[in-house]
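Trainee: The structure follows.
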Amino acid sequence: MSAAVNPLTVGTAGHVDHGKSALVSALTGAGTDRLPEERARGMTITLGYAALPLPGGGVLSMIDVPGHERLVRVMVSGASGIDMFLLVIAADDGVMPQTVEHLRVLRALEIGSGVVAVTKSDLADPAPTVREAGALLPGTPIAVCSTRTMEGVADVAAALERVAGGVRSRAGDRSCVLHVDRVFSIRGAGTVVTGTLWSGSVARGERLQLLPSGRAVRVRGVQVHDSAVERAAAGQRVAVNLTGVRREEVARGDVLASHDSTLRAAHILDAALELDGPRPQRERVQVHHGTRESAGRLVLLGDDCWQMRLERPLLAAAGDRLVVRSISPPDTIGGGVVLDPHARRHGPSAGVLERLGRMRRGEQLTELQAGEGQRPRAATSSAGRPVAGTARPEPQGRDAPLSAGALALEERLRGAGARPPSEAELGDAAAHLPELRAAGRAVRVGRSMYAHVDAVEQVGARVRELIVAGGSITLAELRDELGVSRRHAQALLEHLDAARVTLRLADDSRVLRGSRADPGAP
């Protein structure tokens with residue numbers, strides 16, 4: 001990597017058929033449409049990757065995203081890890097709907113550096129489109145080109161190099177965080193995950209953890225642009241060969257992280273959002289973070305602060321960016337920044353806004369301050385016993401105070417989400433299961449697995465939605481929907497059967513108990 005350019009990733013953006021993949025191919029010499037159906041249809045469906053050699057000797061990682069309106073969610077997952085953009089607008093079409101929506105995604109992610117490429121200059125006068133692009137993105141470099149004649153392609157590369165020179169690298173930031181966007185296995189090598197390295201670095205021989213499961217893994221090998229390296233730095237596309245985990249135990253949306261990482265799965269986040277149009281108070285929306293997405297509801301806390309109550313957990317850190325999209329009609333309505341990635345369920349109050357304001361300013365809060373505006377908890381000693389003079393009237397049920405060990409176990413079960421650990425996997429921590437179950441915060445699923453009650457409720461809600469939409473659900477469908485193993489999906493479905501939420505039919509599919517599809521319903 002040239003010293004003139006930091007390790008950076010550039011992502012394409014723009015409307016379908018405006019020539020993004022053709023331009024990436026012209027710049028890099030590599031085709032990014034790897035699926036047969038992509039090549040047959042001439043349309044990008046999944047994320048594509050390539051290395052872009054720059055005129056000065058440096059190299060950028062490139063992500064090519066689909067431009068079709070039905071694939072914006074794929075575009076968001078690709079854009080979430082980029083450092084700069086290449087917005088492609090065809091001269092014969094000009095600015096189109098996905099041009100505008102992709103720009104909204106980039107703004108939500110605070111990706112402000114990039115280049116506009118006006119393509120297909122051999123088919124139409126590019127001047128009107130150049131003026132449109134200038135009005136849309138004032139101050140952004142614009143290069144005119146044609147991938148058929150190759151005229152101007154070198155100008156695009158030169159513009160990208162100039163912009164990259166002024167973009168700060170994330171290579172020295174924090175510990176390793178890689179949001180997985182692809183998983184596959186290679187004969188003789190084992191499990192391989194790929195993604196854009198968000199922060200830190202990853203090195204051969206290093207021991208990391210895979211979240212949300214917390215499984216310990218070791219890095220067998222690292223590649224950048226198909227070349228083996230000893231260590232890869234943030235800002236690059238990376239392929240990591242892992243030992244200690246099977247292919248079916250990893251899914252898109254998982255995170256590879258250092259053992260000192262504070263990341264953990266959470267269904268509730270507090271965030272500062274900028275939203276277009278009417279505020280979607282308590283309406284279901286789609287929230288995108290990293291390579292994960294989840295439906296959920298937004299609750300206004302005051303000013304621009306919102307609580308996100310999600311149906312699938314995200315793995316976010318304070319300061320991470322989010323994208324929010326409406327579900328019907330599907331459209332990007334804004335985004336923002338995570339303030340509290342592990343919030344408790346609460347409503348609006350002056351204390352909540354004060355606490356979030358402090359978090360936004362980067363102030364370190366004590367546990368007591370962090371809980372302001374949320375459910376009060378008695379102060380405890382290091383042994384988990386209430387400190388004299390701080391005890392409050394003891395609530396019952398799910399509000400009952402827990403020992404320190406039980407609280408730690410609760411957080412572990414929350415983080416596991418739809419992948420409930422077995423009693424054996426919990427080890428010594430399993431001793432606190434009776435306390436959690438008595439408080440109504442943990443339930444047994446399957447023969448010996450334990451899940452947080454919120455995770456089971458989230459799965460139940462998602463199963464109901466899928467059955468209402470499709471009439472029934474199979475074990476394989478739930479496994480793929482949740483991105484979990486067959487063992488976990490089966491345990492969760494059997495728990496819902498026992499709870500009389502679902503009914504198992506002769507073909508092993510499930511329907512809602514009491515629905516028209518239930519043979520025993522009146």
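Letters A, B, ... go to the chains of the structure tokens in the order shown; residues in each chain start at 1; ligands are counted from 1 in the same order.
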Per residue of range 103-195 of chain A within 9 Å of range 260-275 of chain A, what are the shortest atom pair and its distance in Å to one decimal, counting only C-alpha atoms, with rows by chain and residue number, as a tab-separated table?
Mentor:
```
residue	atom	partner	partner_atom	distance
A:Ala108	CA	A:Glu274	CA	7.9
A:Arg174	CA	A:Ser261	CA	8.9
A:Ser175	CA	A:Ser261	CA	6.8
A:Cys176	CA	A:Ser261	CA	7.9
A:Val177	CA	A:Ser261	CA	8.2
```
Trainee: Find the spatial neighbours of Val193 in chain A, counting only C-alpha atoms, within a cut-off of 9 Å - ignore same-chain residues fewer than 6 positions away - and output them as number ranges by chain.
Mentor: A: 180-185, 238-242, 250-252, 256
Trainee: Counting only C-alpha atoms, which residues of range 270-336 of chain A sit at most 12 Å from some atom of range 476-494 of chain A, and what is each one's closest atom pair with its distance in Å to one decimal, listed by chain and rising residue number, as JSON lines?
Mentor:
```
{"residue": "A:Arg292", "atom": "CA", "partner": "A:Gly483", "partner_atom": "CA", "distance": 10.5}
{"residue": "A:Glu293", "atom": "CA", "partner": "A:Leu482", "partner_atom": "CA", "distance": 11.0}
{"residue": "A:Ser294", "atom": "CA", "partner": "A:Leu482", "partner_atom": "CA", "distance": 10.4}
{"residue": "A:Glu311", "atom": "CA", "partner": "A:Leu482", "partner_atom": "CA", "distance": 10.5}
{"residue": "A:Arg312", "atom": "CA", "partner": "A:Leu482", "partner_atom": "CA", "distance": 8.1}
{"residue": "A:Pro313", "atom": "CA", "partner": "A:Leu482", "partner_atom": "CA", "distance": 10.3}
```
Trainee: Pull C-alpha atoms from the residues just selected and write them as a JSON list (two decimals), in the first residue's frame.
Mentor:
```json
[["chain", "number", "residue", "atom", "x", "y", "z"],
["A", 292, "ARG", "CA", -27.46, -6.49, 10.22],
["A", 293, "GLU", "CA", -30.95, -5.14, 9.95],
["A", 294, "SER", "CA", -33.99, -5.39, 12.15],
["A", 311, "GLU", "CA", -37.13, -7.39, 16.92],
["A", 312, "ARG", "CA", -33.64, -8.65, 16.18],
["A", 313, "PRO", "CA", -30.60, -7.59, 18.21]]
```
Trainee: With only C-alpha atoms as the counted atoms, please give the residues lying no more than 7 Å from Leu54 in chain A, apart from itself and same-chain residues fewer than 4 positions off, as a PyMOL selection string.
Mentor: chain A and resi 58-59+157+161
Trainee: Can you list, as a PyMOL selection string, every protein, DNA or RNA residue that comes within 6 Å of range 243-249 of chain A when you count only C-alpha atoms, leaving out same-chain residues fewer than 6 positions away?
Mentor: chain A and resi 191+217-218
Trainee: Output as number ranges by chain all residues of range 27-212 of chain A that backbone DSSP marks as strand (DSSP E).
Mentor: A: 48-53, 59-64, 84-90, 114-119, 142-144, 177-179, 182-186, 190-199, 201-203, 207-211
Trainee: Considering only alpha helix (DSSP H) as DSSP defines it on the backbone, what residues of range 105-322 of chain A qualify? List them as number ranges by chain.
Mentor: A: 105-108, 127-136, 153-164
Trainee: What is the distance between CA of Glu435 in chain A and CA of Pro421 in chain A, in Å to one decimal?
Mentor: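 These two atoms are separated by 16.9 Å.
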Trainee: Need the shell around Ala158 in chain A: protein/DNA/RNA residues with any atom at most 9 Å away, counting only C-alpha atoms. Skip same-chain ones fewer than 3 positions apart. Format as a list in words?
Mentor: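 In the requested form, the answer reads Leu54, Pro55, Gly56, Val153, Ala154, Asp155, Glu161, Arg162 and Val163 of chain A.
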Trainee: Might you pull out every residue within 8 Å of Val144 in chain A, with only C-alpha atoms counted and same-chain residues fewer than 2 positions away left off, and present them as number ranges by chain?
Mentor: A: 117-119, 121, 126, 142, 146, 152-153, 155-156
Trainee: Please compute the CA of His102 in chain A-CA of Val65 in chain A distance, one decimal, in Å.
Mentor: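 Separation of CA of His102 in chain A and CA of Val65 in chain A: 10.2 Å.
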